[in-house]
There are 2 protein chains.
Amino acid sequence: MEAVFIGSGSVATHLALALKEKGVTISQVYSRTKSNAAALADKLGTSYTTDLSEIYDKADIYFYALKDNSFRSTLKSFDLPDAIHVHTSGSISMSEFDGIATKYGVFYPLQTFSKEKEIDFSKIPICIEAINADTQQKLLDLANLLNSKTYLISSEQRKKLHLAAVFACNFSNYMYDVSSQILEEIGVGFDILHPLIMETALKVQSVTPYKAQTGPAVRFDDKIITKHLHMLKNRRDLKKIYKLLSKDIHKRHKKI
Amino acid sequence: MEAVFIGSGSVATHLALALKEKGVTISQVYSRTKSNAAALADKLGTSYTTDLSEIYDKADIYFYALKDNSFRSTLKSFDLPDAIHVHTSGSISMSEFDGIATKYGVFYPLQTFSKEKEIDFSKIPICIEAINADTQQKLLDLANLLNSKTYLISSEQRKKLHLAAVFACNFSNYMYDVSSQILEEIGVGFDILHPLIMETALKVQSVTPYKAQTGPAVRFDDKIITKHLHMLKNRRDLKKIYKLLSKDIHKRHKKI
């Protein structure tokens, strides 16, 4: 099986490397930026191009791992070869391929990637959507090759899934960031919170977040909440977050 | 060494069991609620009381693992024996023992506890504060016995540390809860987010949350943010959180 990667960011890098390891031939890498294209091609021992008109046209599958903004313009700039075309995005609808390709779908790994950090695809859910059963099976085969968990997720579902991921990943990370800012003020290293953060994430692997909720807001402990808000008097931004989230947690757990 | 536990909640349970395993004799358990007192005493193979006037007075150390609200009233209701007295709370000042005891301090394990889930104390930071050097050393010895990481944290620092923990644990858990609510709407099980949540927590064990921040807000991706806000049009509470956090993330990462 031959694959081409359009894009050279974190998702492209990890996915291409993982597929290569499982015997898929990565025939070419495309990126607008020469250094990025060259870096990934080098890692994969393959060739690269920065010119869409030079995209290798004999591959079986084309992965579009691009920023959402550049996806549409890239698609429009060249004739898609007659093969399977999939993008890897949580927020782009599959229908973007309508009328441009015939066999297409989505291959969305639901994970946060960093270029430096190794990724174990056997622990990553792959969300699959396809225009027909044949393409769907091919995408399932690929995900199985990576030992990933596979989920059939429609474009409508995927949009909301992506939104849920923003809360579960981006916003929870911002909560960590806020806590690190508070620790900075008192001269305590962030490592003191490492075990708490791990345990909080671990807990919801076995119980629902609703059941796992602890803290002054769920206990309706007004005294502590008032003290905390007072401590944040010089940080209006954080005070606002504290107030809003406490109110919402309280509301969600209030027995009516 | 003999210890008495005043309180029978999660912290008391885990701490008493861990100390017992390391050879500390737990001489007695007190709780206002008989069934709780009996349950913990049974686990520890020791006696219990629900009457403060019957507290065993020959122990070397008394642990107060009580809800913040009941702490003060409990302290006032009996004569503290001449021993070391420590509470385990993040939000109570050490000075609450002023004038009541002579050797006292704080032994605050910075972790989220559930009664059912086993806890490995070697991975838990213990925040220690003491009224004098001798007491401090005894508390350090105890924490070392548990192989815990020890931190000397003043009452002033501890208050803010507790506030930071609310963000890192309670509020990040609420972000998980929100994501689970969104998934419910589309009929997708929460397990699809398990790996993402673990990876997000793992990432900040090695890089700062500031550096680990990803998502539409940090990329200033207005298009996706607008789409997400639109998807939340029937959930005004979640829309408000999304807007506020995105704005703050954007602000924090804006290059001026």
# chains A, B, ... in the order shown; residues from 1 in each chain; ligands from 1
>>> select_by_dssp(residues="segment 26-169 of chain B", states="strand (DSSP E or B)", output="ChimeraX atom specification")
/B:26-30,47-49,61-64,84-87,103-109,125-130,149-152
>>> interface_residues(of="chain A", to="chain B", cutoff="6 Å", atoms="only C-alpha atoms", output="count of residues only")
24
>>> calpha_fit_and_write(fixed="chain A", moving="chain B", output="short mmCIF file (atom, residue, chain, number, x, y, z; two decimals) with C-alpha atoms, in the first residue's frame")
data_model
loop_
_atom_site.label_atom_id
_atom_site.label_comp_id
_atom_site.auth_asym_id
_atom_site.auth_seq_id
_atom_site.Cartn_x
_atom_site.Cartn_y
_atom_site.Cartn_z
CA MET B 1 0.01 -0.01 -0.01
CA GLU B 2 1.28 3.43 -0.97
CA ALA B 3 0.38 6.65 0.83
CA VAL B 4 1.09 10.33 0.24
CA PHE B 5 0.99 12.87 3.05
CA ILE B 6 -0.23 16.38 2.31
CA GLY B 7 0.96 18.30 5.34
CA SER B 8 3.94 17.89 7.62
CA GLY B 9 2.74 18.94 11.08
CA SER B 10 2.47 16.82 14.22
CA VAL B 11 -0.42 14.65 13.05
CA ALA B 12 1.20 14.00 9.65
CA THR B 13 4.52 13.20 11.31
CA HIS B 14 3.21 10.73 13.85
CA LEU B 15 0.70 9.08 11.57
CA ALA B 16 3.13 8.69 8.67
CA LEU B 17 5.84 7.26 10.93
CA ALA B 18 3.39 4.82 12.53
CA LEU B 19 2.04 3.66 9.16
CA LYS B 20 5.55 3.26 7.77
CA GLU B 21 6.46 1.09 10.73
CA LYS B 22 3.52 -1.16 9.87
CA GLY B 23 4.70 -1.64 6.31
CA VAL B 24 2.84 1.11 4.47
CA THR B 25 5.00 2.82 1.86
CA ILE B 26 5.00 6.57 2.25
CA SER B 27 5.71 7.64 -1.33
CA GLN B 28 5.86 11.38 -0.85
CA VAL B 29 5.37 14.27 1.51
CA TYR B 30 3.98 17.63 0.49
CA SER B 31 4.27 20.84 2.45
CA ARG B 32 4.18 24.45 1.39
CA THR B 33 7.19 25.04 3.61
CA LYS B 34 10.30 23.39 2.22
CA SER B 35 12.09 22.84 5.54
CA ASN B 36 9.05 21.10 7.03
CA ALA B 37 8.55 18.93 3.97
CA ALA B 38 12.21 18.00 3.92
CA ALA B 39 12.33 17.24 7.65
CA LEU B 40 9.43 14.80 7.51
CA ALA B 41 10.58 13.22 4.23
CA ASP B 42 13.96 12.69 5.83
CA LYS B 43 12.44 10.94 8.85
CA LEU B 44 10.47 8.71 6.50
CA GLY B 45 13.27 8.15 4.02
CA THR B 46 11.11 9.37 1.17
CA SER B 47 10.87 12.29 -1.25
CA TYR B 48 9.00 15.54 -0.85
CA THR B 49 7.61 18.39 -2.89
CA THR B 50 6.42 21.92 -2.21
CA ASP B 51 4.57 22.07 -5.50
CA LEU B 52 1.05 20.69 -5.69
CA SER B 53 1.38 20.07 -9.40
CA GLU B 54 4.12 17.57 -8.60
CA ILE B 55 2.10 15.41 -6.25
CA TYR B 56 2.82 11.74 -6.92
CA ASP B 57 -0.35 10.37 -8.53
CA LYS B 58 -0.01 6.60 -8.18
CA ALA B 59 -0.60 6.23 -4.42
CA ASP B 60 -3.52 4.26 -2.99
CA ILE B 61 -4.37 6.81 -0.32
CA TYR B 62 -3.79 10.53 0.26
CA PHE B 63 -3.79 11.89 3.79
CA TYR B 64 -4.59 15.58 4.20
CA ALA B 65 -3.18 16.58 7.58
CA LEU B 66 -3.42 20.33 7.14
CA LYS B 67 -4.52 23.28 9.17
CA ASP B 68 -8.24 23.75 8.69
CA ASN B 69 -7.66 27.09 6.97
CA SER B 70 -5.38 25.71 4.28
CA PHE B 71 -7.38 22.56 3.64
CA ARG B 72 -9.92 23.94 1.20
CA SER B 73 -7.46 26.01 -0.83
CA THR B 74 -5.11 23.05 -1.11
CA LEU B 75 -7.88 20.77 -2.36
CA LYS B 76 -8.85 23.24 -5.02
CA SER B 77 -5.33 23.71 -6.34
CA PHE B 78 -4.76 20.36 -7.97
CA ASP B 79 -6.57 17.45 -9.58
CA LEU B 80 -7.00 14.70 -7.04
CA PRO B 81 -5.70 11.38 -8.36
CA ASP B 82 -8.17 8.50 -8.52
CA ALA B 83 -7.50 7.06 -5.06
CA ILE B 84 -8.80 7.27 -1.50
CA HIS B 85 -8.63 10.77 -0.02
CA VAL B 86 -8.93 11.32 3.71
CA HIS B 87 -8.41 14.26 5.98
CA THR B 88 -7.39 13.94 9.63
CA SER B 89 -9.29 16.86 11.09
CA GLY B 90 -11.85 16.97 13.86
CA SER B 91 -13.59 20.03 12.57
CA ILE B 92 -13.84 19.63 8.79
CA SER B 93 -16.86 17.95 7.29
CA MET B 94 -16.33 14.97 5.00
CA SER B 95 -18.46 16.69 2.38
CA GLU B 96 -15.58 19.01 1.52
CA PHE B 97 -14.46 16.23 -0.82
CA ASP B 98 -17.85 16.18 -2.62
CA GLY B 99 -17.44 16.50 -6.35
CA ILE B 100 -13.65 16.53 -6.15
CA ALA B 101 -12.98 12.88 -5.32
CA THR B 102 -15.06 9.72 -5.55
CA LYS B 103 -13.53 7.61 -2.78
CA TYR B 104 -13.02 9.67 0.33
CA GLY B 105 -13.45 9.86 4.04
CA VAL B 106 -12.07 10.98 7.38
CA PHE B 107 -9.33 9.41 9.48
CA TYR B 108 -9.28 11.50 12.64
CA PRO B 109 -6.98 10.44 15.47
CA LEU B 110 -8.49 11.87 18.65
CA GLN B 111 -5.36 12.85 20.51
CA THR B 112 -3.18 15.84 21.24
CA PHE B 113 0.12 15.56 19.40
CA SER B 114 3.45 17.23 19.90
CA LYS B 115 6.16 16.69 17.33
CA GLU B 116 8.79 15.70 19.89
CA LYS B 117 6.73 13.28 21.97
CA GLU B 118 6.36 9.68 20.85
CA ILE B 119 2.83 8.47 20.33
CA ASP B 120 1.50 4.96 20.85
CA PHE B 121 -1.27 4.56 18.28
CA SER B 122 -2.58 1.46 19.97
CA LYS B 123 -3.96 3.79 22.63
CA ILE B 124 -5.48 6.32 20.26
CA PRO B 125 -9.11 6.29 19.14
CA ILE B 126 -9.38 6.73 15.37
CA CYS B 127 -12.66 8.27 14.23
CA ILE B 128 -13.60 6.99 10.80
CA GLU B 129 -16.14 8.18 8.29
CA ALA B 130 -16.34 7.16 4.63
CA ILE B 131 -18.41 7.83 1.56
CA ASN B 132 -19.00 4.15 0.89
CA ALA B 133 -18.65 0.74 2.54
CA ASP B 134 -15.58 -0.24 0.55
CA THR B 135 -13.64 2.90 1.54
CA GLN B 136 -14.83 2.52 5.12
CA GLN B 137 -13.42 -1.00 5.28
CA LYS B 138 -10.09 0.17 3.89
CA LEU B 139 -9.89 2.86 6.58
CA LEU B 140 -10.82 0.36 9.27
CA ASP B 141 -8.07 -1.93 7.97
CA LEU B 142 -5.55 0.89 8.27
CA ALA B 143 -6.64 1.74 11.81
CA ASN B 144 -6.48 -1.95 12.73
CA LEU B 145 -2.97 -2.10 11.31
CA LEU B 146 -2.06 0.55 13.91
CA ASN B 147 -3.90 -1.44 16.60
CA SER B 148 -5.96 1.66 17.26
CA LYS B 149 -9.45 1.67 18.69
CA THR B 150 -11.84 2.52 15.89
CA TYR B 151 -15.05 4.50 16.10
CA LEU B 152 -17.47 5.18 13.26
CA ILE B 153 -18.30 8.84 13.71
CA SER B 154 -20.37 10.95 11.33
CA SER B 155 -19.38 14.51 10.37
CA GLU B 156 -22.18 15.87 12.57
CA GLN B 157 -20.96 13.85 15.54
CA ARG B 158 -17.32 14.65 14.85
CA LYS B 159 -17.92 18.39 15.08
CA LYS B 160 -19.36 17.99 18.56
CA LEU B 161 -16.70 15.48 19.49
CA HIS B 162 -14.10 18.06 18.56
CA LEU B 163 -15.90 20.59 20.71
CA ALA B 164 -15.93 18.12 23.61
CA ALA B 165 -12.19 17.60 23.08
CA VAL B 166 -11.60 21.34 23.41
CA PHE B 167 -13.10 21.18 26.91
CA ALA B 168 -11.41 17.91 27.89
CA CYS B 169 -7.96 18.87 26.59
CA ASN B 170 -7.45 22.57 25.81
CA PHE B 171 -9.56 23.95 28.63
CA SER B 172 -8.40 21.46 31.25
CA ASN B 173 -4.84 22.36 30.24
CA TYR B 174 -5.69 25.99 30.78
CA MET B 175 -6.86 25.11 34.29
CA TYR B 176 -3.37 23.62 34.84
CA ASP B 177 -1.89 26.81 33.45
CA VAL B 178 -3.88 28.94 35.87
CA SER B 179 -2.76 26.77 38.77
CA SER B 180 0.86 27.16 37.66
CA GLN B 181 0.42 30.94 37.66
CA ILE B 182 -0.90 30.81 41.22
CA LEU B 183 2.02 28.64 42.32
CA GLU B 184 4.47 31.04 40.72
CA GLU B 185 3.16 33.79 42.98
CA ILE B 186 4.08 31.78 46.08
CA GLY B 187 7.36 30.45 44.72
CA VAL B 188 6.33 26.79 44.69
CA GLY B 189 7.31 24.61 41.71
CA PHE B 190 4.57 23.22 39.51
CA ASP B 191 5.80 19.65 40.13
CA ILE B 192 3.93 19.67 43.45
CA LEU B 193 0.71 19.41 41.42
CA HIS B 194 1.87 16.64 39.06
CA PRO B 195 0.45 13.75 41.09
CA LEU B 196 -2.87 15.53 41.66
CA ILE B 197 -3.25 16.21 37.94
CA MET B 198 -2.47 12.60 37.03
CA GLU B 199 -4.88 11.22 39.63
CA THR B 200 -7.66 13.56 38.49
CA ALA B 201 -7.23 12.30 34.92
CA LEU B 202 -6.93 8.68 36.05
CA LYS B 203 -10.10 8.85 38.10
CA VAL B 204 -12.34 9.55 35.12
CA GLN B 205 -10.96 6.51 33.32
CA SER B 206 -13.09 4.42 35.67
CA VAL B 207 -15.85 6.66 37.04
CA THR B 208 -17.82 9.43 35.33
CA PRO B 209 -16.52 12.99 35.78
CA TYR B 210 -19.88 13.76 37.36
CA LYS B 211 -19.23 11.19 40.10
CA ALA B 212 -15.57 12.19 40.38
CA GLN B 213 -16.33 15.84 41.07
CA THR B 214 -14.88 17.08 44.36
CA GLY B 215 -14.00 20.48 45.80
CA PRO B 216 -15.63 23.41 47.57
CA ALA B 217 -18.16 24.09 44.81
CA VAL B 218 -19.72 20.63 44.86
CA ARG B 219 -19.74 20.65 48.68
CA PHE B 220 -21.42 24.09 48.57
CA ASP B 221 -18.68 25.32 50.89
CA ASP B 222 -19.38 29.05 50.71
CA LYS B 223 -16.79 29.86 53.32
CA ILE B 224 -13.88 28.49 51.30
CA ILE B 225 -15.25 29.86 48.05
CA THR B 226 -15.38 33.33 49.57
CA LYS B 227 -11.80 32.98 50.83
CA HIS B 228 -10.62 31.85 47.41
CA LEU B 229 -12.34 34.71 45.63
CA HIS B 230 -10.71 37.10 48.07
CA MET B 231 -7.28 35.63 47.29
CA LEU B 232 -7.93 36.33 43.62
CA LYS B 233 -8.82 39.97 44.16
CA ASN B 234 -5.83 41.12 42.08
CA ARG B 235 -6.53 38.65 39.29
CA ARG B 236 -9.90 39.65 37.91
CA ASP B 237 -9.61 37.20 35.02
CA LEU B 238 -9.07 34.21 37.32
CA LYS B 239 -11.72 35.41 39.74
CA LYS B 240 -14.24 35.43 36.94
CA ILE B 241 -13.38 31.85 35.95
CA TYR B 242 -13.51 30.70 39.57
CA LYS B 243 -16.92 32.27 40.11
CA LEU B 244 -18.45 30.99 36.91
CA LEU B 245 -17.21 27.41 37.26
CA SER B 246 -18.14 27.21 40.93
CA LYS B 247 -21.64 28.43 40.18
CA ASP B 248 -22.05 25.90 37.38
CA ILE B 249 -20.67 23.00 39.41
CA HIS B 250 -22.96 23.96 42.26
CA LYS B 251 -25.96 24.08 39.93
CA ARG B 252 -25.17 20.74 38.31
CA HIS B 253 -24.85 18.97 41.65
CA LYS B 254 -27.67 20.66 43.52
CA LYS B 255 -30.29 18.23 44.64
CA ILE B 256 -33.62 19.74 43.67
#
>>> select_by_dssp(residues="segment 99-172 of chain A", states="helix (DSSP H, G or I)", output="PyMOL selection string")
chain A and resi 121-123+133-145+155-172
